[in-house]
Each structure stands twice: as C-alpha cells, then as structure tokens.
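Trainee: Got a structure here, written out as structure tokens. Questions coming.
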Amino acid sequence: MKNKTLLMNKNFLPAWIIYHAAVLVFFVITLIAFPGKVGIDSDLFNLVPKSISMASVKKADDKMMAVTSQNIFILVANEDFKEAKRVAEKVYGQLDGSKNFESVSLYSDVGAMSEITDFLYENRWNLIDEKTADDILSSQDAAADFAMNALAQAYSGFTMLPLDNIESDPFLITEYNLHNYLGSVQNAGTAMSVKDGVLASHFDGKWYVMIRGILSVSGAKLASKNNAITEIYAACNSVNNGDASGNTTFVYSGTPFHSHESSNSASREISIIATVSMLVVIVLLIFIFRSVEPLLFSVGAILLSVGAAFIATLAVFHKMHVITLVFGTSLIGSCIDYSLHFFTHWAGNQKFNSGKEIKNHILSGLLMAIISTGICFAILLFAPFAILKQMSLFCLTGLISSFLTTVAIYPYIKLPAERGNVRFTAGFAKVVSVLEQKWVGRTVISALFIISVLLIAVFHNNVKVKNDLLTLYNMEGRLLEDEITASKVIQYTPGGWYIVSGDSEEDVLQNEEALRHDFENITEGAVGYVSTTNFVPSIQMQKKSQAAYEKLLSMAEAQFESLGYSSDEAAMLSEKMRKDFSDSKDAYVSIEAGNVPDFITSAISSAWLGKIDGKYYSVVLPTKVTEYTTYRSLVENNDNAFFISKSQDISADLDKLTVMVLKFFVIAYILMFIMLKFFYSWKQAFKIISVPFLIILVVVAVFATCKINLEFFSVTGLILVFGLGLDYIIYMMENEKKKNKAAASTDSTTVLEPFATLVSFVTTIISFGALALSSFKPVHLIGLSIFIGLATAYVSSFFYGRAAHKEGKK
C-alpha cells in the first residue's frame, strides 16, 4: 500500500523532460557522427530479411545484390531501327555523366574490336579453352586435325580477322579464341545482338535498342525527389515530347523501377492513412467531448509521440524503411488510448476535483497497459530482422512518450467548468446493463471459441505457415507489361546464382571451373551463364592451354610449309614462335596482376566479387533457372560453392522467422502471466491470459476461411495484438476493482472507464483498419491480423470484465 501511495503521488514531469530530451540529444549526436547517412530507405529488397542460413558468404551475397539490384534496362522501341537508335542516343546523352548513375552504356562493348583482338593475340597461348586443349593433348591426330582446320580456314578466306599475323600465328589461334570470346559474350548475355554499334533486337515487328545503367548510391535513394528513376522518366518524356511522330515507346525493366513504384505507393498511403485517421479522430473527439481542449492536447500528444518515435528510430538504425512509417501511423490510434482515458474522466467524471486525482485514478490501469504492451514490443527488438526491430522501436518509443505525456502533463490541465456532458455515455450505460449479464458474456465467448474451432476444422487444409516472397509485391499496370515485354525481348531472367569461394584468386577460379563443368553437364549446354573464367581462366587452365600450344609448336614448320613458305622460312618462323612463347611463358592473365583489359573487366563486373574478409568470391550467374532443386543439388556437398535464389531463400528464411516470432509469442505469454499474477487472482489472471489464445483461434479461422497463409507479417501482427489487446481487459479489470459494487450500473459516471476503452478501441481499429486496406501486402497482412485480433480482444475483454463484476456482486 505504501509503494502504491508513493506511485500515485509521484511527479512524472521530470521523467517526461528527461525522456524526450534524451531522444533528441541521441538523434543530434547521430546526425553529427554519421553525416549524410541518416534518412529514409525505400529499397524493396530491404523490406525482407537477409539470408540467415549462409553467414559465411553473406557479405559476398550482399555485394552481388548491391550490383544486380541497381541494374536497370531501358528498351527504346520503334518499327524503324534508325529512329529507335536516334532516340536511344538522345536519352543516353541526357543520362550519361549524371551523378545518379555509376555507369550508363548504349554502345556495344565489342565495338572496339581491335582492342579485343590485340589482347587475344598477345595472350593466344594462354586462352585456348579446356575442351580444345584436352583434345590437342589427347593425341597427335587431334593436334593434326586442329592444324588442318586452321589451314582450311586460312585458304577459304572466311575468317573474321585478316591474316596479318599468320607468320606468328599459323594455327589461327587468335581467330579461334575470338570465336570463343564472342560465343562466351553471347552465352553469358541476352538475346540482344550488335547492330550498328548498339545492342538491339527485332521482336514482334519492332526494333528494340537497349540502354543499360547501374545506379549510384545517391541515385538509388528512391525516397528522394532527385533519384535515378525520376531522371530516367524525365529524360524519356522530354525526348518523346519532341518526337513529332510519337511512334517511339519505352520499356523499363529492373528492380529499381519496382522499388520506386512501391516507395511512391507507400508514400501516398502514408498520406492517405495519416490524413483520414487523423480527421476521423478529430471529428470523433470533438463530437464526444464537445470541447476543443481534449482534441488539441490529444493531437499534440500524438504528434509528439510520432516525432519521438521517428527520431529515435533514425538515431538507432540511421536508415528507417518507409514501411516502418506506414506501420507507425497506427500510433494515431494506439497512442491516443491513454489520452482518452484521461479526458473521459476530465470531461465526464464529477467526482474528481483536479487532474492529479484523475491521474491517480487511472494510473494503475495505464501502468499495467504500458508494461504489457512494452513487453511484447521489447521482445521483438531481439528478432534478427531490421524492419521488425524498427517497427518495434518506433511503436515502443511512441507509446512511452504518450504514456508519460498523459501522467506528467495532463494533470496540470484545468478542469472544465461544466462537466458530465460526454456524449453516448448514457446510452452506453443502457447497453452495458444488458450485456453485463453473465449468460450474455458466456454465450458470446463460447460462441467465439466454438465457431473458430469449427471453421479451423472445416478449412484445416488452408491452415499453413508459409511465406512466398513473390506474393509480397504484385506487379501491375505499366510495369507489369514492361517486364513481360522485356523478358520476351531480352530473354534474360536469372532466378538464382552460384557464389564460389576460395582462399586466393587462383583457388576460386579453379573451383569455378569445376562448377562450370558440372553445370554444363546437368544442363547439357542448353543454359547460358555469366562467369569470370569464361574470360579469365585459372593459371592452372592457362598452363594446360600453354601445354596444348607447345604441342602445336612441334608442328609449326610443317604448318608454315603447308601455307606456302619455304623450308628455310618455315624453320626461321617456327623458331621465332618458340622464342616468343618461351619469353612470355610465365606471363599469365590475372585480375590481381592488373593485366586484364577494361572490356573484360566490364564483361565480368557482375561475376567477379574479389576479396572479401580474407577470402575470394566469384559468381556463376545462369541466364535462367529451369530446375531450382537440380541447380541447388549441384553444390549440396561442395563447401566452396553455394546456390542462392533470393525468392526461395528469403521465403525459407521468412518461414524460420515466423516460427521464431511464434516462440517470442510464447515467451511474451509466459512473462505476461507471471506479471499478471502479481496484480490479480489466479482466476482473473487466467481469464486475462486466455484472451491471446482466443485471438489466435479467431485469426487462424478467418485466414483459413479466406485461404490466406499465416505468413511472417500476419504472425508478427498477432504478437503486436497480444500487447495492445490485453490493454482492454486490463482496463476492464481495473475498473471492476475500483467500482462501488453497490452503485447503480446505469449511472453514467460508473461506465466512464469502459466507455473510454470503447472509444480507444474505435480509434485504434480505425488506424489498423486503414492499414488492412493497404495495397502493399506486408502492411495489409499486419493490418488485417491486428484488426481481427483487436476486435476479438475488445469483445472478449468486455464480456470477461462484466462476468467478473457479476461474480463479485454475488
């Protein structure tokens, strides 16, 4: 009793000042310590968790994603190729050199053929492919066949290169390697081919010219106004506006376009949800309290709570996802609960003579509510998922701010001269007089249990804990049409990739070559791929190439004589070839040595990851994934290679996180029951703690009936409901403990606390109901599960509360 009295008389104003000052100071320190790194994140891929099953290659995977997720393709389409190229050049001219792009390219990398052929000639003995080298080394006849084919090609005149170097390359190895190089480029890329210096393709009566780009760090900030995607749209629109014929169209493809669309969509939803929720709350408060003061103070508390939550989240995480803001708008409903409990008594309870007396009356209920909600949100801070942590911190910070404002600031508000005129309380009292009867409560609660169990039994096949990343974002409209067209034109749809590791450059290249060999076997050469070793073989492979070349050297004199040289000339030329080979035998092509030309560096930019944390990594990227299980099985027993399919891997990780959240639910459930037992009897504690169980039953029943999987975001909503939903029954129980059992149940002053609970439920359900209407699947799932759960929690707590009262009277 002594501790309770001290708590009631406690002045919370210093705590309110310290709390908000600490949040502000922490935010300012973060801005100073991390200049330019604090802001809003709208990347679609950052909404889902990173893979937690491959920690050893996580950084390599992140580096790969940093490259591929920022790639964009613009296809300029016109029936006339020259016009399509002209427009593409104008768009390229506007984008090239922009700070929003790491690079923008229109012209083909193979356009500078002389640079390519010079490199292939200088390193001709290092670049013979493995199959050919093995054939040459296998028998003398195979070597002779290679030499004979070179002679036939030289005499036929059908060569890609002039025969200027015939005296140092009589076996036309440079020509042979050029065919292999161009084949690797074609095999590793798209269906686009070089036409008049640009990559183009003819499809369905139109020419498509490709512009490729990689977004820079600043250009990828899609939540900002001046980002790469808005610049692309502006450039294409300006070119189109100047096109008199209007026959040129653009096709956009790449993750950044979808991230940009989801970011804008989320921003629009933030504005709509916040505006509509706030307007409804404003109208509701004015109508119920017939005064502007509760409105002003409540809105002020909401804005302060959201502001504190916003800067605290940025201070801790530096980058806050835009979806956290969408979810944070739910604070408009939940943060106002504390204010409503105060102002209901402030405007309607004539027994209290000051705000401090009202605070003392409601403090125990508010304290229990903030503790119960705080436990649930705090537990989620330990989840290995940044977005969930952000949401939890955002809401927890805002709720604490709102609680402190209610118990520290509101007690100083002067009571109105006329009191007891809160609307609906009289009518609510009449409803309560009917609903508080024990048989009504037992009927409603029993019906909820029975109906939920029956629905689950009937639709049990639909009860699935299953996540599918591909369903979280639905492409629609122009972007969907563009991706379909781009897929048909480019014919490049990678759905996964292999990450290969090694202790050195040579080690990783050898491991990659072994993987390539296995991959070509299982796909029977029908699937192309991007890989480093197609362009930069391992030194081990280069040594094999040199051995094959050396075998050919033994046939050089005969080869020269067959080409029409005299025996003396043939001997001299063959000797020069041996000397050139001997002088350069140890000069291998190597990335670390720095003798790889720019055109190859560009070709392997998405395949070579280099050194990361002491190990080396490369990527083998198939142009399409036909059999995920087969592709994955290829590296099941390979410690140096990992197959990654983002959609499948993230979906699997979401399944694991869903189970983890359910475990958090159990932990929160146990902690909550222990806390409740300190304040309530066994019977009351069991009644309170049974509410979450009923919530789960109802949500599962509704989801099963509607054929909605229990996905990560909906299950996350359940644990949040646990914290918010228990508040209602706690308020009811606290009210029952305080009520005079002899008081007339129809007296309006005796129903103020239940009435405040009703109003707080309505305002909260408005906010979460708005989230449930979101077109963005994660927000929709969280909103829907919380909407259903809170409705169940309120109905359950109302009837549990009435039943407890009637038992007390008896």
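Naming scheme: A, B, ... for chains in displayed order of the structure tokens; residues 1 onward per chain; ligands 1 onward as shown.
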May I have the residues within 12 Å of A:Gly725 as a PyMOL selection string, using only C-alpha atoms and disregarding those fewer than 5 positions away in the same chain?
Mentor: chain A and resi 334+337+369-370+372-373+376+688-696+717-720+730-732+757+760-761+764-765+785-798
Trainee: If I take atom CA of A:Ile74 and atom CA of A:Ile499, how far is one from the other in Å, to one decimal?
Mentor: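 Between these atoms lies a distance of 27.7 Å.
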Trainee: For the structure I just gave you, how does DSSP split stretch 191-386 of chain A - specifically, which residues are alpha helix (DSSP H)? Reply as a VMD selection string.
Mentor: chain A and resid 228 to 241 255 to 289 293 to 317 322 to 328 331 to 334 336 to 348 355 to 380 386
Trainee: Do a neighbour search on A:Phe535 at 12 Å with only C-alpha atoms, toss out local chain neighbours closer than 6 positions, and write the hits as a PyMOL selection string.
Mentor: chain A and resi 116+119-120+123+126-129+177-178+180-185+187-188+509+513+541-542+589-591+596-605+607-608
Trainee: Please produce an output containing N, CA, C and O atoms for each residue in the selection, written as a tab-separated table (two decimals), in the first residue's frame.
Mentor:
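Full text of out-v3.tsv as output:
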chain	number	residue	atom	x	y	z
A	116	ILE	N	40.15	-5.89	-78.49
A	116	ILE	CA	39.89	-7.29	-78.14
A	116	ILE	C	40.87	-8.20	-78.84
A	116	ILE	O	41.50	-9.07	-78.23
A	119	PHE	N	44.44	-8.07	-77.49
A	119	PHE	CA	44.58	-8.82	-76.24
A	119	PHE	C	44.60	-10.32	-76.51
A	119	PHE	O	45.44	-11.05	-75.96
A	120	LEU	N	43.70	-10.80	-77.36
A	120	LEU	CA	43.63	-12.23	-77.65
A	120	LEU	C	44.88	-12.71	-78.37
A	120	LEU	O	45.34	-13.84	-78.15
A	123	ASN	N	47.91	-12.91	-75.86
A	123	ASN	CA	47.77	-13.97	-74.86
A	123	ASN	C	47.22	-15.26	-75.48
A	123	ASN	O	46.58	-16.05	-74.82
A	126	ASN	N	47.62	-18.60	-73.84
A	126	ASN	CA	47.02	-18.77	-72.50
A	126	ASN	C	45.51	-19.02	-72.55
A	126	ASN	O	44.93	-19.40	-71.53
A	127	LEU	N	44.87	-18.78	-73.69
A	127	LEU	CA	43.41	-18.70	-73.71
A	127	LEU	C	42.72	-19.79	-74.52
A	127	LEU	O	41.53	-19.67	-74.84
A	128	ILE	N	43.42	-20.87	-74.85
A	128	ILE	CA	42.76	-21.99	-75.51
A	128	ILE	C	41.81	-22.64	-74.50
A	128	ILE	O	42.19	-22.92	-73.37
A	129	ASP	N	40.57	-22.86	-74.91
A	129	ASP	CA	39.58	-23.39	-73.96
A	129	ASP	C	39.94	-24.82	-73.55
A	129	ASP	O	40.69	-25.53	-74.23
A	177	ASN	N	40.21	-18.18	-80.66
A	177	ASN	CA	39.87	-17.61	-79.34
A	177	ASN	C	38.84	-16.50	-79.46
A	177	ASN	O	38.02	-16.30	-78.55
A	178	LEU	N	38.88	-15.75	-80.58
A	178	LEU	CA	37.89	-14.70	-80.78
A	178	LEU	C	36.49	-15.30	-80.92
A	178	LEU	O	35.53	-14.78	-80.34
A	180	ASN	N	35.52	-18.06	-79.58
A	180	ASN	CA	35.15	-18.48	-78.23
A	180	ASN	C	34.73	-17.30	-77.36
A	180	ASN	O	33.77	-17.38	-76.60
A	181	TYR	N	35.48	-16.18	-77.49
A	181	TYR	CA	35.16	-15.00	-76.69
A	181	TYR	C	33.77	-14.46	-77.04
A	181	TYR	O	32.95	-14.20	-76.16
A	182	LEU	N	33.51	-14.30	-78.33
A	182	LEU	CA	32.21	-13.80	-78.75
A	182	LEU	C	31.10	-14.77	-78.38
A	182	LEU	O	29.99	-14.37	-78.02
A	183	GLY	N	31.42	-16.08	-78.43
A	183	GLY	CA	30.44	-17.08	-78.00
A	183	GLY	C	30.15	-16.97	-76.52
A	183	GLY	O	29.00	-17.11	-76.09
A	184	SER	N	31.20	-16.68	-75.72
A	184	SER	CA	31.00	-16.51	-74.28
A	184	SER	C	30.17	-15.28	-73.98
A	184	SER	O	29.32	-15.28	-73.09
A	185	VAL	N	30.42	-14.20	-74.73
A	185	VAL	CA	29.63	-12.98	-74.55
A	185	VAL	C	28.16	-13.26	-74.86
A	185	VAL	O	27.26	-12.87	-74.12
A	187	ASN	N	26.70	-16.23	-74.91
A	187	ASN	CA	26.22	-17.24	-73.98
A	187	ASN	C	25.92	-16.63	-72.62
A	187	ASN	O	25.00	-17.08	-71.91
A	188	ALA	N	26.67	-15.61	-72.24
A	188	ALA	CA	26.52	-15.02	-70.91
A	188	ALA	C	25.50	-13.89	-70.87
A	188	ALA	O	25.15	-13.42	-69.80
A	509	LEU	N	39.08	-19.42	-58.87
A	509	LEU	CA	38.91	-19.65	-60.30
A	509	LEU	C	38.91	-21.14	-60.63
A	509	LEU	O	38.13	-21.61	-61.47
A	513	GLU	N	35.77	-23.19	-62.26
A	513	GLU	CA	35.87	-24.02	-63.47
A	513	GLU	C	35.31	-25.41	-63.24
A	513	GLU	O	34.63	-25.98	-64.12
A	541	MET	N	44.51	-23.63	-65.68
A	541	MET	CA	43.94	-23.83	-67.01
A	541	MET	C	44.84	-23.19	-68.07
A	541	MET	O	45.01	-23.73	-69.18
A	542	GLN	N	45.44	-22.05	-67.75
A	542	GLN	CA	46.34	-21.39	-68.70
A	542	GLN	C	47.58	-22.25	-68.96
A	542	GLN	O	48.10	-22.27	-70.07
A	589	VAL	N	47.51	-14.27	-67.54
A	589	VAL	CA	46.43	-13.28	-67.38
A	589	VAL	C	45.89	-13.41	-65.96
A	589	VAL	O	45.49	-14.50	-65.53
A	590	SER	N	45.88	-12.31	-65.22
A	590	SER	CA	45.46	-12.36	-63.83
A	590	SER	C	44.79	-11.05	-63.42
A	590	SER	O	45.28	-9.97	-63.77
A	591	ILE	N	43.71	-11.16	-62.69
A	591	ILE	CA	42.99	-9.96	-62.24
A	591	ILE	C	43.86	-9.19	-61.26
A	591	ILE	O	43.98	-7.97	-61.34
A	596	VAL	N	44.32	-7.44	-66.95
A	596	VAL	CA	43.04	-7.74	-67.59
A	596	VAL	C	42.50	-6.43	-68.18
A	596	VAL	O	42.33	-5.45	-67.45
A	597	PRO	N	42.21	-6.39	-69.46
A	597	PRO	CA	41.77	-5.12	-70.09
A	597	PRO	C	40.38	-4.71	-69.63
A	597	PRO	O	39.61	-5.52	-69.09
A	598	ASP	N	40.04	-3.45	-69.90
A	598	ASP	CA	38.77	-2.89	-69.43
A	598	ASP	C	37.56	-3.61	-70.00
A	598	ASP	O	36.54	-3.76	-69.32
A	599	PHE	N	37.65	-4.06	-71.25
A	599	PHE	CA	36.46	-4.66	-71.84
A	599	PHE	C	36.13	-5.99	-71.16
A	599	PHE	O	34.97	-6.38	-71.07
A	600	ILE	N	37.15	-6.69	-70.65
A	600	ILE	CA	36.88	-7.93	-69.90
A	600	ILE	C	36.42	-7.59	-68.49
A	600	ILE	O	35.51	-8.23	-67.94
A	601	THR	N	37.01	-6.58	-67.89
A	601	THR	CA	36.58	-6.13	-66.56
A	601	THR	C	35.09	-5.78	-66.59
A	601	THR	O	34.34	-6.11	-65.67
A	602	SER	N	34.67	-5.12	-67.67
A	602	SER	CA	33.26	-4.79	-67.82
A	602	SER	C	32.42	-6.04	-68.00
A	602	SER	O	31.34	-6.17	-67.42
A	603	ALA	N	32.91	-7.00	-68.77
A	603	ALA	CA	32.16	-8.23	-69.04
A	603	ALA	C	31.95	-9.06	-67.79
A	603	ALA	O	30.93	-9.74	-67.64
A	604	ILE	N	32.92	-9.00	-66.84
A	604	ILE	CA	32.81	-9.82	-65.62
A	604	ILE	C	32.43	-8.99	-64.40
A	604	ILE	O	32.56	-9.45	-63.26
A	605	SER	N	31.95	-7.78	-64.61
A	605	SER	CA	31.66	-6.88	-63.49
A	605	SER	C	30.62	-7.45	-62.53
A	605	SER	O	30.65	-7.17	-61.33
A	607	ALA	N	30.22	-10.71	-62.15
A	607	ALA	CA	30.62	-12.08	-61.80
A	607	ALA	C	31.81	-12.13	-60.85
A	607	ALA	O	31.92	-13.06	-60.05
A	608	TRP	N	32.70	-11.17	-60.92
A	608	TRP	CA	33.88	-11.19	-60.06
A	608	TRP	C	33.66	-10.28	-58.85
A	608	TRP	O	33.53	-9.07	-58.99
Trainee: Could you give me, as a list in words, the residues within 8 Å of A:Phe712, counting only C-alpha atoms and dropping anything in the same chain fewer than 6 positions from it?
Mentor: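 Once the adjacent positions are removed, what remains is Asn467, Leu654, Asp655, Leu657 and Thr658 of chain A.
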Trainee: Using only C-alpha atoms, can you tell me which of A:Leu773, A:Met555, A:Val251, A:Val635 comes closest to A:Ile232?
Mentor: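 With only C-alpha atoms as the atom set, the closest residue is A:Val251.
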Trainee: Neighbours of A:Ser501 within 12 Å (only C-alpha atoms; same-chain residues fewer than 6 positions away dropped), as number ranges by chain?
Mentor: A: 56-61, 507-513, 515, 608-620, 638-643
Trainee: Would you pick out the contacts of A:Ala526 at 12 Å or less, using only C-alpha atoms, so that residues sharing its chain but fewer than 3 positions from it are not included, and give the list as a list in words?
Mentor: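 Within the cut-off, the hits are Asn187, Ala188, Phe519, Glu520, Asn521, Ile522, Thr523, Tyr529, Pro622, Thr623, Lys624, Val625 and Thr626 of chain A.
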Trainee: Measuring between only C-alpha atoms, which one of A:Ile400, A:Val194, A:Leu106, A:Ile644 shows the shortest distance to A:Lys90?
Mentor: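 Closest residue, counting only C-alpha atoms: A:Leu106.
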Trainee: Which residue is closest to A:Ile211? Choose from A:Ser259, A:Gln94, A:Gln684, A:Ser774 and count only C-alpha atoms.
Mentor: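 Counting only C-alpha atoms, the residue closest to A:Ile211 is A:Gln94.
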Trainee: Could you give me, as CSV, a per-residue list for stretch 329-408 of chain A showing, wherever an atom lies at most 12 Å from an atom of stretch 13-23 of chain A, the closest pair of atoms and their distance in Å to one decimal, using only C-alpha atoms and sorting by chain then residue number from low to high?
Mentor:
residue,atom,partner,partner_atom,distance
A:Phe394,CA,A:Val23,CA,11.9
A:Thr397,CA,A:Val23,CA,9.1
A:Gly398,CA,A:His20,CA,10.5
A:Ile400,CA,A:Tyr19,CA,9.0
A:Ser401,CA,A:His20,CA,7.5
A:Ser402,CA,A:Trp16,CA,9.7
A:Phe403,CA,A:Trp16,CA,9.2
A:Leu404,CA,A:Trp16,CA,5.5
A:Thr405,CA,A:Trp16,CA,6.7
A:Thr406,CA,A:Trp16,CA,9.7
A:Val407,CA,A:Leu13,CA,8.1
A:Ala408,CA,A:Leu13,CA,4.6
Trainee: Keeping C-alpha atoms, export the residues of the selection given above as a CSV table (one decimal), in the first residue's frame.
Mentor:
chain,number,residue,atom,x,y,z
A,394,PHE,CA,9.1,3.0,-33.3
A,397,THR,CA,9.2,4.8,-28.2
A,398,GLY,CA,5.9,6.4,-29.2
A,400,ILE,CA,6.2,5.5,-23.8
A,401,SER,CA,6.1,9.1,-24.9
A,402,SER,CA,2.3,9.1,-25.0
A,403,PHE,CA,2.1,7.4,-21.5
A,404,LEU,CA,4.5,10.0,-20.0
A,405,THR,CA,2.6,12.9,-21.5
A,406,THR,CA,-0.7,11.6,-20.0
A,407,VAL,CA,0.7,11.1,-16.5
A,408,ALA,CA,3.1,14.1,-16.5
Trainee: Nearest residue to A:Leu553 out of A:Thr344, A:Ser98, A:Gln70, A:Ser168, using only C-alpha atoms?
Mentor: A:Ser168
Trainee: Determine which residues of stretch 544-755 of chain A DSSP labels as strand (DSSP E or B) from the backbone of this structure, then write them out as a PyMOL selection string.
Mentor: chain A and resi 608-612+615-622+624+641-644
Trainee: Would you save the residues from that selection as a CSV table (one decimal), in the first residue's frame, using N, CA, C and O atoms?
Mentor:
chain,number,residue,atom,x,y,z
A,608,TRP,N,32.7,-11.2,-60.9
A,608,TRP,CA,33.9,-11.2,-60.1
A,608,TRP,C,33.7,-10.3,-58.9
A,608,TRP,O,33.5,-9.1,-59.0
A,609,LEU,N,33.6,-10.9,-57.7
A,609,LEU,CA,33.4,-10.1,-56.4
A,609,LEU,C,34.7,-9.8,-55.7
A,609,LEU,O,34.7,-8.8,-54.9
A,610,GLY,N,35.8,-10.5,-56.0
A,610,GLY,CA,37.1,-10.2,-55.5
A,610,GLY,C,37.2,-10.6,-54.0
A,610,GLY,O,36.6,-11.5,-53.5
A,611,LYS,N,38.1,-9.9,-53.3
A,611,LYS,CA,38.5,-10.3,-52.0
A,611,LYS,C,37.6,-9.7,-50.9
A,611,LYS,O,37.3,-8.4,-51.0
A,612,ILE,N,37.0,-10.5,-50.1
A,612,ILE,CA,36.1,-10.0,-49.0
A,612,ILE,C,36.4,-10.7,-47.7
A,612,ILE,O,36.3,-12.0,-47.7
A,615,LYS,N,38.8,-13.8,-48.0
A,615,LYS,CA,38.6,-14.8,-49.0
A,615,LYS,C,38.2,-14.2,-50.3
A,615,LYS,O,37.8,-13.0,-50.3
A,616,TYR,N,38.2,-15.0,-51.3
A,616,TYR,CA,37.9,-14.5,-52.7
A,616,TYR,C,36.6,-15.1,-53.1
A,616,TYR,O,36.3,-16.3,-52.8
A,617,TYR,N,35.8,-14.3,-53.9
A,617,TYR,CA,34.5,-14.8,-54.3
A,617,TYR,C,34.2,-14.4,-55.7
A,617,TYR,O,34.6,-13.4,-56.2
A,618,SER,N,33.6,-15.4,-56.4
A,618,SER,CA,33.1,-15.1,-57.8
A,618,SER,C,31.7,-15.6,-57.9
A,618,SER,O,31.2,-16.3,-57.0
A,619,VAL,N,31.0,-15.3,-59.0
A,619,VAL,CA,29.6,-15.7,-59.2
A,619,VAL,C,29.5,-16.3,-60.5
A,619,VAL,O,30.0,-15.9,-61.5
A,620,VAL,N,28.7,-17.4,-60.6
A,620,VAL,CA,28.3,-18.0,-61.8
A,620,VAL,C,26.8,-17.8,-61.9
A,620,VAL,O,26.0,-18.3,-61.1
A,621,LEU,N,26.4,-17.0,-62.9
A,621,LEU,CA,25.0,-16.5,-63.0
A,621,LEU,C,24.4,-17.1,-64.2
A,621,LEU,O,24.6,-16.6,-65.3
A,622,PRO,N,23.5,-18.1,-64.0
A,622,PRO,CA,22.8,-18.7,-65.2
A,622,PRO,C,21.8,-17.6,-65.7
A,622,PRO,O,21.2,-16.8,-65.0
A,624,LYS,N,19.0,-18.2,-66.9
A,624,LYS,CA,17.7,-18.6,-66.5
A,624,LYS,C,17.8,-19.8,-65.6
A,624,LYS,O,18.8,-20.6,-65.6
A,641,ALA,N,31.0,-23.7,-52.8
A,641,ALA,CA,30.0,-23.1,-53.7
A,641,ALA,C,28.6,-23.2,-53.1
A,641,ALA,O,28.3,-24.1,-52.3
A,642,PHE,N,27.9,-22.2,-53.3
A,642,PHE,CA,26.5,-22.0,-52.7
A,642,PHE,C,25.6,-21.5,-53.8
A,642,PHE,O,25.9,-20.6,-54.5
A,643,PHE,N,24.4,-22.2,-53.8
A,643,PHE,CA,23.4,-21.7,-54.8
A,643,PHE,C,22.4,-20.8,-54.0
A,643,PHE,O,21.9,-21.2,-53.0
A,644,ILE,N,22.2,-19.6,-54.6
A,644,ILE,CA,21.3,-18.7,-54.0
A,644,ILE,C,20.2,-18.3,-54.9
A,644,ILE,O,20.4,-17.9,-56.1
Trainee: Could you jot down the atom CA of A:Leu285 to atom CA of A:Ile302 separation for me, Å, one decimal place?
Mentor: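 Calculated distance between atom CA of A:Leu285 and atom CA of A:Ile302 is 13.4 Å.
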